[in-house]
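Enquirer: This is my_file_26.txt (compact mmCIF, C-alpha atoms and all ligand atoms).
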```txt
# COMPACT_ATOMS: atom_id res chain seq x y z
CA MET A 1 0.00 0.00 0.00
CA GLU A 2 1.16 3.56 -0.77
CA TYR A 3 1.27 4.77 2.84
CA GLN A 4 3.32 7.91 2.17
CA HIS A 5 0.91 8.88 -0.57
CA ILE A 6 -2.00 8.42 1.86
CA LEU A 7 -0.28 10.59 4.50
CA ASN A 8 0.37 13.28 1.87
CA THR A 9 -3.30 13.17 0.87
CA ILE A 10 -4.28 13.67 4.51
CA ALA A 11 -1.86 16.63 4.75
CA SER A 12 -3.37 18.31 1.71
CA GLU A 13 -6.91 17.78 3.05
CA LEU A 14 -5.87 19.26 6.39
CA SER A 15 -4.42 22.36 4.75
CA SER A 16 -7.92 23.39 3.70
CA ILE A 17 -9.50 22.80 7.14
CA GLN A 18 -9.75 25.70 9.56
CA SER A 19 -9.46 24.25 13.07
CA THR A 20 -12.02 25.50 15.54
CA GLY A 21 -10.13 23.87 18.44
CA LYS A 22 -8.37 25.66 21.28
CA VAL A 23 -4.94 24.97 22.73
CA ALA A 24 -5.15 23.84 26.38
CA SER A 25 -4.72 26.88 28.61
CA TYR A 26 -5.52 25.57 32.10
CA ILE A 27 -1.84 24.58 32.20
CA PRO A 28 -0.46 28.06 31.26
CA GLU A 29 2.78 26.73 29.83
CA LEU A 30 0.86 24.56 27.31
CA ALA A 31 -0.95 27.65 26.00
CA LYS A 32 2.37 28.83 24.54
CA ILE A 33 2.53 26.02 21.93
CA GLU A 34 2.25 27.15 18.33
CA TYR A 35 -1.19 25.95 17.40
CA GLU A 36 -0.33 25.29 13.74
CA LYS A 37 2.19 22.56 14.56
CA PHE A 38 1.29 19.24 12.96
CA GLY A 39 3.12 15.94 12.95
CA MET A 40 2.26 12.34 12.16
CA HIS A 41 4.26 9.13 12.25
CA LEU A 42 3.02 5.76 11.05
CA TYR A 43 5.06 2.70 11.99
CA CYS A 44 3.97 -0.51 10.24
CA ILE A 45 5.08 -3.89 11.54
CA ASN A 46 5.98 -5.25 8.11
CA SER A 47 6.06 -2.32 5.77
CA GLY A 48 8.23 0.48 7.09
CA HIS A 49 7.57 3.87 8.64
CA TYR A 50 6.22 7.11 7.29
CA ASN A 51 6.36 10.74 8.44
CA LEU A 52 4.42 13.91 7.99
CA GLY A 53 5.29 17.45 9.15
CA ASP A 54 6.69 18.00 12.65
CA SER A 55 6.87 14.28 13.40
CA GLU A 56 10.26 14.48 15.13
CA GLU A 57 9.54 17.50 17.32
CA ARG A 58 8.90 16.68 20.95
CA PHE A 59 5.71 17.80 22.68
CA SER A 60 4.09 17.31 26.07
CA ILE A 61 2.63 13.79 26.09
CA GLN A 62 0.27 14.62 29.02
CA SER A 63 -2.37 11.88 29.36
CA ILE A 64 -0.73 9.57 26.83
CA SER A 65 1.58 8.84 29.80
CA LYS A 66 -1.39 7.11 31.48
CA VAL A 67 -0.90 4.15 29.11
CA PHE A 68 2.75 3.78 30.15
CA ALA A 69 1.86 4.10 33.84
CA LEU A 70 -0.81 1.40 33.54
CA THR A 71 1.64 -0.81 31.64
CA ARG A 72 4.26 -0.44 34.36
CA ALA A 73 1.69 -1.13 37.11
CA MET A 74 0.39 -4.21 35.25
CA SER A 75 3.93 -5.51 34.89
CA LEU A 76 4.22 -5.40 38.71
CA LEU A 77 0.74 -6.53 39.76
CA ASP A 78 -2.00 -8.75 38.37
CA ASP A 79 -5.73 -8.73 39.06
CA GLU A 80 -5.41 -7.06 42.50
CA LEU A 81 -4.73 -3.80 40.62
CA PHE A 82 -8.32 -3.77 39.42
CA LYS A 83 -9.70 -3.78 42.95
CA ARG A 84 -8.57 -0.14 43.16
CA VAL A 85 -9.50 1.03 39.67
CA ASP A 86 -12.29 -0.22 37.42
CA VAL A 87 -12.25 -0.79 33.64
CA GLU A 88 -15.53 0.86 32.61
CA PRO A 89 -15.85 3.89 30.34
CA SER A 90 -16.82 6.94 32.39
CA GLY A 91 -18.73 9.02 29.83
CA ASP A 92 -17.58 12.04 31.83
CA PRO A 93 -14.76 14.58 31.29
CA PHE A 94 -11.21 13.45 32.07
CA ASN A 95 -10.95 15.48 35.27
CA SER A 96 -14.44 14.81 36.64
CA LEU A 97 -15.01 14.10 40.34
CA ILE A 98 -18.63 13.16 40.10
CA GLN A 99 -18.61 9.37 39.88
CA LEU A 100 -16.12 8.96 42.72
CA GLU A 101 -18.69 10.13 45.23
CA TYR A 102 -21.14 7.30 44.61
CA GLU A 103 -18.55 4.67 43.61
CA ASN A 104 -16.69 4.78 46.94
CA GLY A 105 -13.57 6.46 45.60
CA ILE A 106 -12.93 3.74 42.97
CA PRO A 107 -12.24 5.48 39.63
CA ARG A 108 -14.06 4.19 36.58
CA ASN A 109 -10.87 3.44 34.64
CA PRO A 110 -7.08 4.09 34.63
CA PHE A 111 -7.24 6.64 31.77
CA ILE A 112 -9.24 9.36 33.50
CA ASN A 113 -7.29 11.55 35.91
CA ALA A 114 -8.73 9.86 39.02
CA GLY A 115 -7.67 6.43 37.75
CA ALA A 116 -4.21 7.58 36.75
CA LEU A 117 -3.74 9.14 40.21
CA VAL A 118 -4.54 5.76 41.79
CA ILE A 119 -2.05 4.09 39.42
CA SER A 120 0.56 6.69 40.46
CA ASP A 121 -0.18 5.91 44.12
CA ILE A 122 0.30 2.19 43.42
CA LEU A 123 3.61 2.78 41.60
CA ILE A 124 4.88 4.90 44.50
CA SER A 125 4.07 2.06 46.91
CA GLN A 126 5.78 -0.48 44.64
CA LEU A 127 8.93 1.33 43.51
CA LYS A 128 11.97 2.74 45.27
CA ASP A 129 12.47 5.66 42.87
CA PRO A 130 9.23 5.98 40.85
CA LYS A 131 10.32 8.94 38.70
CA LYS A 132 13.58 7.30 37.69
CA ASP A 133 11.87 3.95 37.15
CA PHE A 134 9.22 5.56 34.95
CA LEU A 135 11.74 7.36 32.73
CA ASP A 136 13.93 4.23 32.59
CA PHE A 137 10.88 2.29 31.42
CA ILE A 138 10.24 4.78 28.60
CA HIS A 139 13.92 4.73 27.65
CA ASN A 140 13.76 0.94 27.58
CA ILE A 141 10.72 0.66 25.30
CA THR A 142 11.89 3.39 22.91
CA GLY A 143 15.63 2.64 22.97
CA ASN A 144 16.12 6.37 23.48
CA SER A 145 17.69 7.46 26.75
CA ASN A 146 17.47 11.21 26.26
CA ILE A 147 13.68 11.41 26.61
CA GLY A 148 12.87 13.56 29.66
CA ILE A 149 10.44 16.04 31.10
CA ASN A 150 9.80 19.70 30.32
CA SER A 151 10.39 21.31 33.72
CA LYS A 152 8.44 24.49 32.80
CA VAL A 153 5.34 22.41 31.99
CA PHE A 154 5.89 20.45 35.20
CA GLU A 155 6.10 23.60 37.35
CA SER A 156 3.21 25.22 35.51
CA GLU A 157 0.86 22.29 36.11
CA LYS A 158 1.95 22.06 39.75
CA LYS A 159 0.85 25.64 40.33
CA TYR A 160 -2.64 25.02 39.00
CA SER A 161 -3.38 21.48 40.13
CA TYR A 162 -6.43 22.25 42.28
CA ARG A 163 -8.64 19.76 40.48
CA ASN A 164 -6.21 16.86 40.63
CA ALA A 165 -5.62 17.72 44.30
CA SER A 166 -9.39 17.53 44.89
CA LEU A 167 -9.56 14.15 43.18
CA LEU A 168 -6.77 12.91 45.45
CA ASN A 169 -8.38 14.31 48.59
CA LEU A 170 -11.73 12.76 47.74
CA MET A 171 -10.19 9.35 46.99
CA LYS A 172 -8.03 9.56 50.12
CA SER A 173 -11.20 10.11 52.17
CA PHE A 174 -12.44 6.76 50.82
CA GLY A 175 -9.10 5.09 51.63
CA ASN A 176 -8.12 4.57 47.97
CA ILE A 177 -4.93 6.68 48.14
CA LYS A 178 -2.26 5.23 50.44
CA ASN A 179 0.58 7.74 50.09
CA ASP A 180 0.90 11.42 50.85
CA ILE A 181 -1.26 13.49 48.49
CA GLU A 182 1.59 15.91 47.60
CA ILE A 183 3.87 13.02 46.64
CA VAL A 184 1.25 11.37 44.42
CA LEU A 185 0.39 14.68 42.73
CA ASP A 186 4.05 15.43 42.09
CA PHE A 187 4.69 12.02 40.49
CA TYR A 188 1.52 12.18 38.36
CA ILE A 189 2.39 15.67 37.04
CA TYR A 190 5.94 14.50 36.34
CA GLN A 191 4.65 11.72 34.07
CA CYS A 192 2.40 14.17 32.20
CA ALA A 193 5.34 16.56 31.63
CA ILE A 194 7.35 14.00 29.64
CA GLU A 195 8.12 15.16 26.10
CA MET A 196 8.26 12.80 23.14
CA SER A 197 7.90 13.14 19.38
CA CYS A 198 5.32 11.39 17.21
CA LYS A 199 8.08 9.06 16.02
CA GLU A 200 9.16 8.18 19.57
CA LEU A 201 5.57 7.59 20.67
CA SER A 202 4.88 5.34 17.68
CA ILE A 203 7.98 3.28 18.51
CA ALA A 204 6.81 2.99 22.15
CA PHE A 205 3.26 2.09 21.11
CA MET A 206 4.51 -0.66 18.77
CA MET A 207 4.64 -2.76 21.93
CA TYR A 208 0.80 -2.68 21.98
CA ALA A 209 0.60 -3.49 18.25
CA ASN A 210 3.17 -6.26 18.55
CA GLY A 211 1.72 -8.51 21.30
CA GLY A 212 3.78 -6.88 24.06
CA LYS A 213 7.15 -7.21 22.31
CA ARG A 214 9.56 -4.30 21.94
CA ILE A 215 9.81 -3.67 18.22
CA SER A 216 13.59 -3.18 18.05
CA ASP A 217 14.51 -6.72 19.19
CA ASP A 218 11.26 -8.62 19.90
CA GLU A 219 11.97 -8.67 23.64
CA GLN A 220 8.71 -9.50 25.50
CA ILE A 221 7.99 -6.45 27.71
CA LEU A 222 4.43 -7.39 28.73
CA SER A 223 2.43 -10.61 28.24
CA PRO A 224 -0.02 -10.78 25.29
CA ARG A 225 -2.88 -11.18 27.81
CA LYS A 226 -2.01 -7.91 29.52
CA VAL A 227 -1.50 -6.11 26.23
CA LYS A 228 -4.94 -7.31 25.10
CA ARG A 229 -6.37 -5.78 28.26
CA ILE A 230 -4.58 -2.45 27.83
CA ASN A 231 -5.75 -2.21 24.21
CA ALA A 232 -9.30 -2.93 25.36
CA ILE A 233 -9.12 -0.12 27.92
CA MET A 234 -7.69 2.24 25.28
CA GLN A 235 -10.57 1.34 22.98
CA THR A 236 -13.29 1.90 25.56
CA CYS A 237 -11.77 4.66 27.73
CA GLY A 238 -8.89 6.35 25.87
CA PHE A 239 -10.90 9.44 24.91
CA TYR A 240 -13.03 10.04 28.04
CA ASP A 241 -16.53 11.19 27.06
CA GLU A 242 -15.55 10.94 23.41
CA ALA A 243 -14.45 7.29 23.44
CA GLY A 244 -17.56 6.26 21.49
CA GLU A 245 -16.98 8.98 18.90
CA PHE A 246 -13.33 8.00 18.46
CA SER A 247 -14.31 4.33 17.98
CA PHE A 248 -17.04 5.36 15.58
CA ARG A 249 -14.88 7.63 13.44
CA VAL A 250 -11.41 6.07 13.73
CA GLY A 251 -11.89 2.51 14.96
CA LEU A 252 -8.59 1.97 16.78
CA PRO A 253 -7.52 1.63 20.42
CA GLY A 254 -5.76 4.86 21.30
CA LYS A 255 -4.98 7.53 23.86
CA SER A 256 -5.02 11.30 23.70
CA GLY A 257 -3.36 14.02 25.76
CA VAL A 258 -4.07 17.74 26.23
CA GLY A 259 -0.71 18.52 24.61
CA GLY A 260 -2.52 17.66 21.35
CA GLY A 261 -1.07 14.20 20.83
CA ILE A 262 -2.94 11.00 20.02
CA ALA A 263 -1.24 7.59 19.83
CA ALA A 264 -3.21 4.65 18.45
CA VAL A 265 -2.58 1.06 17.42
CA HIS A 266 -3.87 -1.56 15.06
CA PRO A 267 -2.80 -4.81 16.77
CA GLY A 268 -0.73 -6.88 14.35
CA GLN A 269 -0.44 -4.02 11.85
CA TYR A 270 0.83 -0.64 13.00
CA ALA A 271 1.16 2.13 15.56
CA VAL A 272 0.44 5.71 14.62
CA THR A 273 0.88 9.02 16.42
CA VAL A 274 -0.44 12.39 15.43
CA TRP A 275 0.16 15.80 17.02
CA SER A 276 -1.87 18.97 16.54
CA PRO A 277 -2.32 21.22 19.63
CA PRO A 278 -5.83 22.70 19.17
CA LEU A 279 -8.30 20.61 21.17
CA ASN A 280 -12.00 20.03 20.66
CA PRO A 281 -14.38 20.67 23.60
CA LYS A 282 -13.71 17.14 24.96
CA GLY A 283 -9.98 17.83 25.23
CA ASN A 284 -8.89 15.71 22.25
CA SER A 285 -6.87 16.99 19.27
CA GLU A 286 -9.36 18.13 16.67
CA LEU A 287 -7.18 17.72 13.58
CA GLY A 288 -5.54 14.65 15.10
CA MET A 289 -8.89 12.88 15.15
CA TYR A 290 -9.57 13.99 11.60
CA ALA A 291 -6.19 12.70 10.38
CA LEU A 292 -6.70 9.31 12.03
CA GLU A 293 -10.22 8.99 10.70
CA ARG A 294 -8.87 9.59 7.20
CA LEU A 295 -5.97 7.16 7.76
CA THR A 296 -8.23 4.23 8.71
CA THR A 297 -10.68 5.13 5.93
CA LEU A 298 -8.10 5.49 3.16
CA THR A 299 -6.11 2.39 4.20
CA GLY A 300 -9.17 0.32 5.12
CA LEU A 301 -7.21 -0.63 8.24
CA SER A 302 -9.30 -0.08 11.34
CA ILE A 303 -9.90 -2.91 13.82
CA PHE A 304 -13.55 -3.10 12.77
N1 LIG B 401 -1.86 16.75 33.13
C1 LIG B 401 -3.20 16.86 32.64
C2 LIG B 401 -4.18 16.91 33.80
O1 LIG B 401 -4.00 16.22 34.75
C3 LIG B 401 -3.49 15.69 31.73
C4 LIG B 401 -4.89 15.72 31.14
C5 LIG B 401 -4.98 15.18 29.75
O2 LIG B 401 -4.03 15.12 28.99
N2 LIG B 401 -6.20 14.87 29.36
O3 LIG B 401 -5.15 17.63 33.77
```
Would you mind giving the structure from this file in structure tokens?
Ligand code: GLN
Expert:
Amino acid sequence: MEYQHILNTIASELSSIQSTGKVASYIPELAKIEYEKFGMHLYCINSGHYNLGDSEERFSIQSISKVFALTRAMSLLDDELFKRVDVEPSGDPFNSLIQLEYENGIPRNPFINAGALVISDILISQLKDPKKDFLDFIHNITGNSNIGINSKVFESEKKYSYRNASLLNLMKSFGNIKNDIEIVLDFYIYQCAIEMSCKELSIAFMMYANGGKRISDDEQILSPRKVKRINAIMQTCGFYDEAGEFSFRVGLPGKSGVGGGIAAVHPGQYAVTVWSPPLNPKGNSELGMYALERLTTLTGLSIF
């Protein structure tokens, strides 16, 4: 298949679309991103890789980090993990508190903020140096040891983390946060502040397209059973209250972040990452969703 031709077609379609999205501003440092940035990287298991635009420029991965955090937690624990976080779509915004109140502090899934905060709490309890471990893990799956955090984004989110602090306080009142709230918040914000390019994210996400094996050398990082589960959670919960819409239009397991990135996989076929900062009202990249919808339509390669 002519993948580069398909990506170029998508680029020319995008050039005539005026985005109505808005760059995330509740983390002030993210509001400084140039909104016209656009990158895409498609990594196929058997037929090479393809780039578009700013595909090698690093951006703030934000909630895409929730997939790596869940992966790390699932590599340490088995089913007991899911006593503290459920695997149901929430149908509510990513930072919502509402369901915690009547679900006894158990978040609906690991990809909303509440769930990712519980995963952070679990990693802190399990690991000696969680920040170092987390970065080492990303270096390991990408083969790139200079991936790190943007400290301005980290500080900026720390200053305005009232909502995540409320989620932690509410869950702590139900006994579902074991560590100090400040420590959990700090580790969670650290993960969100990691910067990666579309190309680096596609390489990392190949693990989920490749049955849990690192693509560079086929080393088994996570069992196929656990990868199946993570892909299922991405499919049903990766886009918060827009997970149905993403399935409907794109038809791939994936995860978005408020930095404007979306990483998605077609198990057995490819991983793809797209980056465009303006977000739709649900907090997902507007043009990113368009580009992925066109990719699965033009290639005929969605999981459905
Ligand atoms: N760091 C962001 C937050 O906690 C991540 C949200 C996102 O990317 N959806 O609000």
Enquirer: Restricting the calculation to all atoms listed in the file: of A:Asp217, A:Glu155, A:Asp129, A:Glu34, which residue gets closest to ligand LIG 401 (chain B)?
Expert: A:Glu155
Enquirer: With distances taken over all atoms listed in the file, which residue among A:Glu2, A:Glu101, A:Glu242, A:Glu195 lies nearest Ser173 of chain A?
Expert: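 Of the candidates, the smallest distance to Ser173 of chain A is held by A:Glu101.
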Enquirer: Check which residues of chain A sit at most 6 Å from ligand LIG 401 (chain B) using only C-alpha atoms and all ligand atoms, and return one row each with the closest pair of atoms and their distance in Å to one decimal, ordered by chain and rising number, as a Markdown table.
Expert:
```
| residue | atom | partner | partner_atom | distance |
| --- | --- | --- | --- | --- |
| A:Gln62 | CA | B:LIG401 | O2 | 4.3 |
| A:Ser63 | CA | B:LIG401 | O2 | 3.7 |
| A:Phe94 | CA | B:LIG401 | N2 | 5.9 |
| A:Asn113 | CA | B:LIG401 | O1 | 5.8 |
| A:Ile189 | CA | B:LIG401 | N1 | 5.9 |
| A:Cys192 | CA | B:LIG401 | N1 | 5.1 |
| A:Gly257 | CA | B:LIG401 | O2 | 3.5 |
| A:Val258 | CA | B:LIG401 | O2 | 3.8 |
```
Enquirer: Find the residues near Lys199 of chain A: any atom within 6 Å, counting only C-alpha atoms, skip ones fewer than 6 places away on the same chain, and give them as a ChimeraX atom specification.
Expert: /A:41,55-56
Enquirer: Those residues you just picked out, can you put them in a file as an mmCIF file, in the coordinates of the input with C-alpha atoms?
Expert:
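Result saved to again.cif:
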```cif
data_model
loop_
_atom_site.group_PDB
_atom_site.id
_atom_site.type_symbol
_atom_site.label_atom_id
_atom_site.label_comp_id
_atom_site.auth_asym_id
_atom_site.auth_seq_id
_atom_site.Cartn_x
_atom_site.Cartn_y
_atom_site.Cartn_z
ATOM 1 C CA HIS A 41 4.260 9.130 12.250
ATOM 2 C CA SER A 55 6.870 14.280 13.400
ATOM 3 C CA GLU A 56 10.260 14.480 15.130
#
```
Enquirer: Hey, which of A:Ala204, A:Ile6, A:Val153, A:Ile221 ends up closest to Arg294 of chain A? Count all atoms listed in the file.
Expert: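 Among A:Ala204, A:Ile6, A:Val153, A:Ile221, it is A:Ile6 that comes nearest to Arg294 of chain A.
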Enquirer: Nearest residue to Val265 of chain A out of A:Ser202, A:Glu286, A:Leu222, A:Ile215, using only C-alpha atoms?
Expert: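 That would be A:Ser202, the residue with the smallest distance to Val265 of chain A.
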Enquirer: Select, counting only C-alpha atoms, all protein, DNA and RNA residues no farther than 8 Å from (-6.5, 19.6, 22.3) in file coordinates, and express the selection as a PyMOL selection string.
Expert: chain A and resi 21-24+257-261+276-280+283-286
Enquirer: Take the residues that were just selected and, keeping C-alpha atoms, output them as a compact mmCIF listing (two decimals), in the coordinates of the input.
Expert:
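Written output follows (selection05.txt):
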```txt
# COMPACT_ATOMS: atom_id res chain seq x y z
CA GLY A 21 -10.13 23.87 18.44
CA LYS A 22 -8.37 25.66 21.28
CA VAL A 23 -4.94 24.97 22.73
CA ALA A 24 -5.15 23.84 26.38
CA GLY A 257 -3.36 14.02 25.76
CA VAL A 258 -4.07 17.74 26.23
CA GLY A 259 -0.71 18.52 24.61
CA GLY A 260 -2.52 17.66 21.35
CA GLY A 261 -1.07 14.20 20.83
CA SER A 276 -1.87 18.97 16.54
CA PRO A 277 -2.32 21.22 19.63
CA PRO A 278 -5.83 22.70 19.17
CA LEU A 279 -8.30 20.61 21.17
CA ASN A 280 -12.00 20.03 20.66
CA GLY A 283 -9.98 17.83 25.23
CA ASN A 284 -8.89 15.71 22.25
CA SER A 285 -6.87 16.99 19.27
CA GLU A 286 -9.36 18.13 16.67
```
Enquirer: How close does segment 192-228 of chain A get to segment 78-88 of chain A? List, as CSV, each residue of segment 192-228 of chain A within 12 Å, its nearest atom pair and the distance in Å to one decimal, counting all atoms listed in the file.
Expert:
```
residue,atom,partner,partner_atom,distance
A:Leu222,CA,A:Asp78,CA,11.7
A:Ser223,CA,A:Asp78,CA,11.2
A:Arg225,CA,A:Asp78,CA,10.9
A:Lys226,CA,A:Asp78,CA,8.9
```
Enquirer: Do you know which residues lie at most 7 Å from (2.8, -2.1, 19.0), with coordinates as in the file and all atoms listed in the file counted, and could you write them as an NGL selection string?
Expert: :A and (205-211 or 265 or 267 or 270-271)
Enquirer: Distance atom CA of Asn150 of chain A-atom CA of Ala193 of chain A, one decimal place?
Expert: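 For atom CA of Asn150 of chain A relative to atom CA of Ala193 of chain A, the distance reads 5.6 Å.
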Enquirer: Quick one: distance from atom CA of Asn8 of chain A to atom CA of Arg249 of chain A in Å, one decimal?
Expert: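 Here the two named atoms are 20.0 Å from each other.
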Enquirer: Identify, on the basis of only C-alpha atoms, every residue whose closest approach to Met40 of chain A does not exceed 12 Å; exclude the query and any residue fewer than 5 positions from it along the same chain; express the result as JSON, numbers by chain.
Expert: {"A": [4, 6, 7, 8, 10, 11, 49, 50, 51, 52, 53, 54, 55, 56, 57, 58, 197, 198, 199, 200, 201, 202, 260, 261, 262, 263, 264, 271, 272, 273, 274, 275, 276, 287, 288, 289, 290, 291, 292, 295]}
Enquirer: One decimal, Å: what's the distance from atom CA of Glu293 of chain A over to atom CA of Leu252 of chain A, could you say?
Expert: 9.4 Å
Enquirer: Can you tell me which residues surround Tyr188 of chain A at a distance of at most 8 Å, considering only C-alpha atoms, apart from same-chain residues fewer than 2 positions away, and format the answer as a list in words?
Expert: Ala116, Leu117, Ser120, Val184, Leu185, Asp186, Tyr190, Gln191 and Cys192 of chain A
Enquirer: Using all atoms listed in the file, which residue out of A:Asn231, A:Thr296, A:Ser25, A:Gln269 lies closest to Val250 of chain A?
Expert: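 Closest residue, counting all atoms listed in the file: A:Thr296.
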Enquirer: Just checking: using all atoms listed in the file, which residue out of A:Ala31, A:Ile61, A:Ile112, A:Leu70 ends up closest to Gly238 of chain A?
Expert: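 Residue with the minimum atom-to-atom distance to Gly238 of chain A: A:Ile112.
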Enquirer: Just the residues within 10 Å of Phe239 of chain A, please, counting all atoms listed in the file, with nothing from its chain fewer than 2 positions along; format it as an NGL selection string.
Expert: :A and (63 or 89-94 or 111-112 or 234-237 or 241-247 or 253-257 or 262 or 282-284)
